[in-house]
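First the structure, in the form of structure tokens, and then the observations on it.
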Amino acid sequence: MTVTGWIQILVFCATIVAVTKPLGVFMFRVFETGRPPLPRVLGKLERLIYRLSGIDPAKEQDWKGYTFSLLAFSALGVLVTYVIQRTQHLLPFNPQHFPAVGPELAFDTAASFTTNTNWQSYSGESTMSYLTQMAGLAWHNFTSAAAGIGVALAIGRGFTRRPGPDGAKTLGNFWVDLTRSIVYVLLPLSIIFALVLVSQGVIQNLKPYLDVATLEGGKQTIALGPVASQEAIKQLGTNGGGFFNANSAHPFENPTPFTNLISLFLIFAIPSALTYTYGRMARDQKQGWAIWAAMSALFIVGVAVCYPAEAHGNPALASLTVDQTMGNMEGKEARFGVAGSALYAVVTTDASCGAVNAMHDSFTPLGGLVPLANIQLGELIFGGVGAGLYAILIYVVLTVFIAGLMVGRTPEYLGKKIESREMKLAMLYVLIFPLIILGFSAWGSVSNFGTSSLNNAGPHGVSEILYAFSSAAGNNGSAFAGLNANTPWWNITLGMTMLMGRFLMIVPVLGIAGSMVGKKVVPPTSGTFPTTGWLFTALLVGVILIVGALTFFPALSLGPVVEHFQALHGKVF
């Protein structure tokens, strides 16, 4: 570890702290005040979309209508993206003349980008045409992120809205939340940061690939394309994926340490700011800061484990004459170093963003354990755009329930009682996630369909399978990379995992929102457990860690944990 490395981490943390309030206030104005900014410019675009789509922005929906709109829109997104891939050889903007994508891979990719996962079982520069990248995949980068913001707003309204005089139990309008997320937040910021990335060397063009002569006298093909525009929304929407197979390790996607910092900033900016927006919605900013503090504490723990693990080098090589003074540099770019790579791995797995600037498969066992554990905690350490907030609010419900049992009172949150219906839905949310991951991982570990794609045996092979299904169910999209997932079995099972991990968990969230929105607010008393202080934050962190450990520690013990102890004895698979 170096002073420079820690300074990089501190600078990143400072930028996130600085952006949380202003961006949070901006989003509160966009979604909750009825007075979005720039009405003469962006307002006209918003109203045009409503007219063309037949949307009445004044008509709100209950939780069932909101859920149906979300599911119907997402199903259409899967279909459109599947068709574009299957017909890309017939469509324009395909200067490389790429053929149609196979049916299993097309399904996997359509499910991946619709669910904000962006898992890629293919090499982008040799598989997808420019039109597929722009109209199919980048389009989903906007819409899937906007859908996540909408769900976060819906559950936020469920907790914070007071019952209306007419008894209405509405959560807003999905189409309005979707439109405003894109028009006022994602699109303007993406344009600004795409131009910043272009200024730093990220390419943006529609040219055919270049064949150039190398210094050795050979020939090399250099892939080109509209990269900067996709890179900006890929990070801002916590989508992940990559225009190139090397992802954010590719110099055309992420050329310098400065663009690396920009990428990290974009990944955390909106998830962090949404906690401030939630505090404004709750009319008590301390509520938002308590959630932000819990997320930050878990993030700091992850960095404090991953960075030293990578900086100390691979323990399996300690007895060999290998110079590891720079740490474990296997699978990392020299321009980022250990600190920039470890921080990137923690941030992207905290925020359900599948972007990577180093290969997680080459991390040390403890270094690789951190990204895997981050995903398995539920992608709530800031989490995906919107997804992190609604995920941690489910754990807030669990924490309040446990606190209520401690003081012998009916649990309350923001003055609303947490009752059996909410607890059943919360537990359904918590149980679906490990059921998907562990069920498919067990199947993949004992079947030829799964093990035939592994490049590693033993505990590292277990880690690769476990990471793949954890990443898919958590809608993260990163991978250990030692696994060939482009087979019919892997494409189909991972596609199913991504769809279930997204929508089977969103439905209980919206169910809780619908149940809470109509409840009366009870004034706090001396027996009410406060949900704004350090004690609540510590209890929330404890509940998250205990639930995660009880659920996944046995599986982790068979993978990275046992691999660490084997590495200490010089054994490597």
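Letters for chains follow the order of the structure tokens (A, B, ...), residue numbers begin at 1 for each chain, and ligand numbers begin at 1 in the order shown.
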Pick out the residues sitting within 8 Å of region 177-188 of chain A, and hand them over as a CSV table (one decimal) with all heavy atoms, in the first residue's frame; count only C-alpha atoms, and ignore anything fewer than 6 positions along from it in its own chain.
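See result.csv below for the written result:
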```csv
chain,number,residue,atom,x,y,z
A,27,MET,N,-32.6,16.2,-7.8
A,27,MET,CA,-33.6,15.1,-8.1
A,27,MET,C,-34.9,15.2,-7.3
A,27,MET,O,-36.0,14.9,-7.8
A,27,MET,CB,-32.9,13.7,-7.8
A,27,MET,CG,-31.8,13.4,-8.9
A,27,MET,SD,-31.3,11.7,-8.8
A,27,MET,CE,-30.4,11.7,-7.3
A,30,VAL,N,-36.9,17.6,-9.3
A,30,VAL,CA,-37.4,16.9,-10.6
A,30,VAL,C,-38.6,16.1,-10.3
A,30,VAL,O,-39.6,16.1,-11.0
A,30,VAL,CB,-36.2,16.1,-11.2
A,30,VAL,CG1,-36.8,15.2,-12.3
A,30,VAL,CG2,-35.1,17.0,-11.7
A,31,PHE,N,-38.5,15.2,-9.3
A,31,PHE,CA,-39.5,14.2,-9.1
A,31,PHE,C,-40.7,14.6,-8.1
A,31,PHE,O,-41.8,14.0,-8.2
A,31,PHE,CB,-38.9,12.9,-8.6
A,31,PHE,CG,-37.9,12.3,-9.6
A,31,PHE,CD1,-36.6,12.3,-9.3
A,31,PHE,CD2,-38.3,11.8,-10.8
A,31,PHE,CE1,-35.6,11.8,-10.2
A,31,PHE,CE2,-37.4,11.3,-11.7
A,31,PHE,CZ,-36.1,11.3,-11.4
A,36,PRO,N,-40.0,20.9,-12.2
A,36,PRO,CA,-38.6,20.5,-12.7
A,36,PRO,C,-37.9,21.7,-13.3
A,36,PRO,O,-38.5,22.7,-13.8
A,36,PRO,CB,-39.0,19.5,-13.8
A,36,PRO,CG,-40.4,19.0,-13.5
A,36,PRO,CD,-41.0,20.2,-12.9
A,37,PRO,N,-36.6,21.6,-13.4
A,37,PRO,CA,-35.8,22.8,-13.9
A,37,PRO,C,-35.8,22.8,-15.4
A,37,PRO,O,-36.3,21.9,-16.1
A,37,PRO,CB,-34.4,22.4,-13.4
A,37,PRO,CG,-34.4,20.9,-13.3
A,37,PRO,CD,-35.7,20.6,-12.8
A,42,LEU,N,-36.1,21.4,-21.4
A,42,LEU,CA,-36.4,20.0,-21.0
A,42,LEU,C,-37.9,19.8,-20.8
A,42,LEU,O,-38.4,18.7,-21.1
A,42,LEU,CB,-35.6,19.6,-19.8
A,42,LEU,CG,-34.0,19.8,-19.9
A,42,LEU,CD1,-33.4,19.3,-18.7
A,42,LEU,CD2,-33.5,18.9,-21.1
A,45,LEU,N,-39.5,18.9,-24.1
A,45,LEU,CA,-39.2,17.6,-24.5
A,45,LEU,C,-40.1,16.6,-23.7
A,45,LEU,O,-40.6,15.6,-24.2
A,45,LEU,CB,-37.7,17.3,-24.3
A,45,LEU,CG,-37.3,15.8,-24.5
A,45,LEU,CD1,-37.6,15.4,-26.0
A,45,LEU,CD2,-35.8,15.7,-24.3
A,46,GLU,N,-40.2,16.8,-22.4
A,46,GLU,CA,-41.0,16.0,-21.5
A,46,GLU,C,-42.5,16.0,-22.0
A,46,GLU,O,-43.1,14.9,-22.1
A,46,GLU,CB,-40.9,16.5,-20.1
A,46,GLU,CG,-41.8,15.6,-19.1
A,46,GLU,CD,-41.9,16.2,-17.7
A,46,GLU,OE1,-41.4,17.4,-17.5
A,46,GLU,OE2,-42.5,15.6,-16.8
A,49,ILE,N,-43.0,14.0,-25.2
A,49,ILE,CA,-43.0,12.6,-25.0
A,49,ILE,C,-44.4,12.1,-24.5
A,49,ILE,O,-44.9,11.1,-24.9
A,49,ILE,CB,-41.9,12.2,-24.0
A,49,ILE,CG1,-40.5,12.4,-24.6
A,49,ILE,CG2,-42.0,10.7,-23.6
A,49,ILE,CD1,-39.4,12.2,-23.7
A,142,PHE,N,-30.3,3.6,-20.5
A,142,PHE,CA,-31.1,4.7,-20.0
A,142,PHE,C,-32.4,4.1,-19.3
A,142,PHE,O,-32.7,4.5,-18.2
A,142,PHE,CB,-31.5,5.6,-21.1
A,142,PHE,CG,-30.4,6.5,-21.6
A,142,PHE,CD1,-29.6,6.2,-22.7
A,142,PHE,CD2,-30.1,7.7,-20.9
A,142,PHE,CE1,-28.5,7.0,-23.1
A,142,PHE,CE2,-29.1,8.6,-21.3
A,142,PHE,CZ,-28.3,8.2,-22.4
A,143,THR,N,-33.1,3.3,-20.0
A,143,THR,CA,-34.4,2.9,-19.6
A,143,THR,C,-34.4,2.0,-18.3
A,143,THR,O,-35.2,2.1,-17.4
A,143,THR,CB,-35.2,2.2,-20.7
A,143,THR,OG1,-34.5,1.0,-21.1
A,143,THR,CG2,-35.5,3.1,-21.8
A,146,ALA,N,-33.5,4.2,-15.4
A,146,ALA,CA,-34.7,5.0,-15.1
A,146,ALA,C,-35.8,4.2,-14.4
A,146,ALA,O,-36.4,4.7,-13.4
A,146,ALA,CB,-35.3,5.7,-16.3
A,147,ALA,N,-36.0,3.0,-14.8
A,147,ALA,CA,-36.9,2.1,-14.1
A,147,ALA,C,-36.5,1.9,-12.6
A,147,ALA,O,-37.4,1.9,-11.7
A,147,ALA,CB,-37.1,0.8,-14.8
A,149,ILE,N,-34.8,3.9,-10.7
A,149,ILE,CA,-35.1,5.2,-10.0
A,149,ILE,C,-36.5,5.2,-9.7
A,149,ILE,O,-36.9,5.6,-8.6
A,149,ILE,CB,-34.6,6.4,-10.8
A,149,ILE,CG1,-33.1,6.4,-11.0
A,149,ILE,CG2,-35.1,7.7,-10.2
A,149,ILE,CD1,-32.6,7.5,-11.9
A,150,GLY,N,-37.4,4.8,-10.6
A,150,GLY,CA,-38.8,4.9,-10.4
A,150,GLY,C,-39.2,4.0,-9.2
A,150,GLY,O,-40.1,4.4,-8.4
A,233,ILE,N,-23.2,6.7,-20.1
A,233,ILE,CA,-24.4,6.2,-19.5
A,233,ILE,C,-24.2,4.8,-18.8
A,233,ILE,O,-24.9,4.4,-17.9
A,233,ILE,CB,-25.6,6.1,-20.5
A,233,ILE,CG1,-26.9,5.7,-19.8
A,233,ILE,CG2,-25.2,5.2,-21.6
A,233,ILE,CD1,-27.3,6.6,-18.7
A,236,LEU,N,-22.9,6.1,-15.4
A,236,LEU,CA,-23.9,6.9,-14.7
A,236,LEU,C,-25.1,6.1,-14.3
A,236,LEU,O,-25.7,6.3,-13.2
A,236,LEU,CB,-24.3,8.1,-15.6
A,236,LEU,CG,-25.2,9.1,-14.9
A,236,LEU,CD1,-24.5,9.8,-13.8
A,236,LEU,CD2,-25.7,10.1,-16.0
A,237,GLY,N,-25.5,5.1,-15.2
A,237,GLY,CA,-26.7,4.3,-14.9
A,237,GLY,C,-26.4,3.0,-14.1
A,237,GLY,O,-27.2,2.1,-14.0
```
Q | Long-range neighbours of Ile300 (chain A) as a list in words, 12 Å cut-off, only C-alpha atoms, 4 positions minimum in chain | A |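 Selected residues are Trp6, Ile9, Leu10, Phe12, Cys13, Ala293, Ala294, Met295, Ser296, Ala304, Val305, Cys306, Tyr307, Leu343, Val346, Val347, Asp350, Val370, Asn374, Ile381 and Phe382 of chain A.
Neighbouring residues of Gly444 (chain A) at 10 Å or closer, counting only C-alpha atoms and skipping chain neighbours under 3 positions away, are Leu438, Gly439, Phe440, Ser441, Ser447, Asn448, Phe449, Gly450, Thr451, Ser452, Ser453, Val462, Ile465, Leu466, Phe469, Trp489, Trp490 and Thr493 of chain A.
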Q: Extract, using only C-alpha atoms, all DNA, RNA and protein residues at most 10 Å from region 391-393 of chain A, discarding same-chain residues fewer than 3 positions from it, and format them as a PyMOL selection string.
A: chain A and resi 152+155-156+159+291-292+294-295+377-384+386-388+396-399+426+429-430+505-506+509+540-541+544
Q) In terms of the shortest atom-to-atom distance over only C-alpha atoms, which of A:Leu48, A:Leu372, A:Ile16, A:Leu320 is closest to Val561 (chain A)? A) A:Leu372
(Q) Report, in Å to a single decimal, how far apart CA of Ala154 (chain A) and CA of Glu60 (chain A) are. (A)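 Interatomic distance, CA of Glu60 (chain A) to CA of Ala154 (chain A): 11.1 Å.
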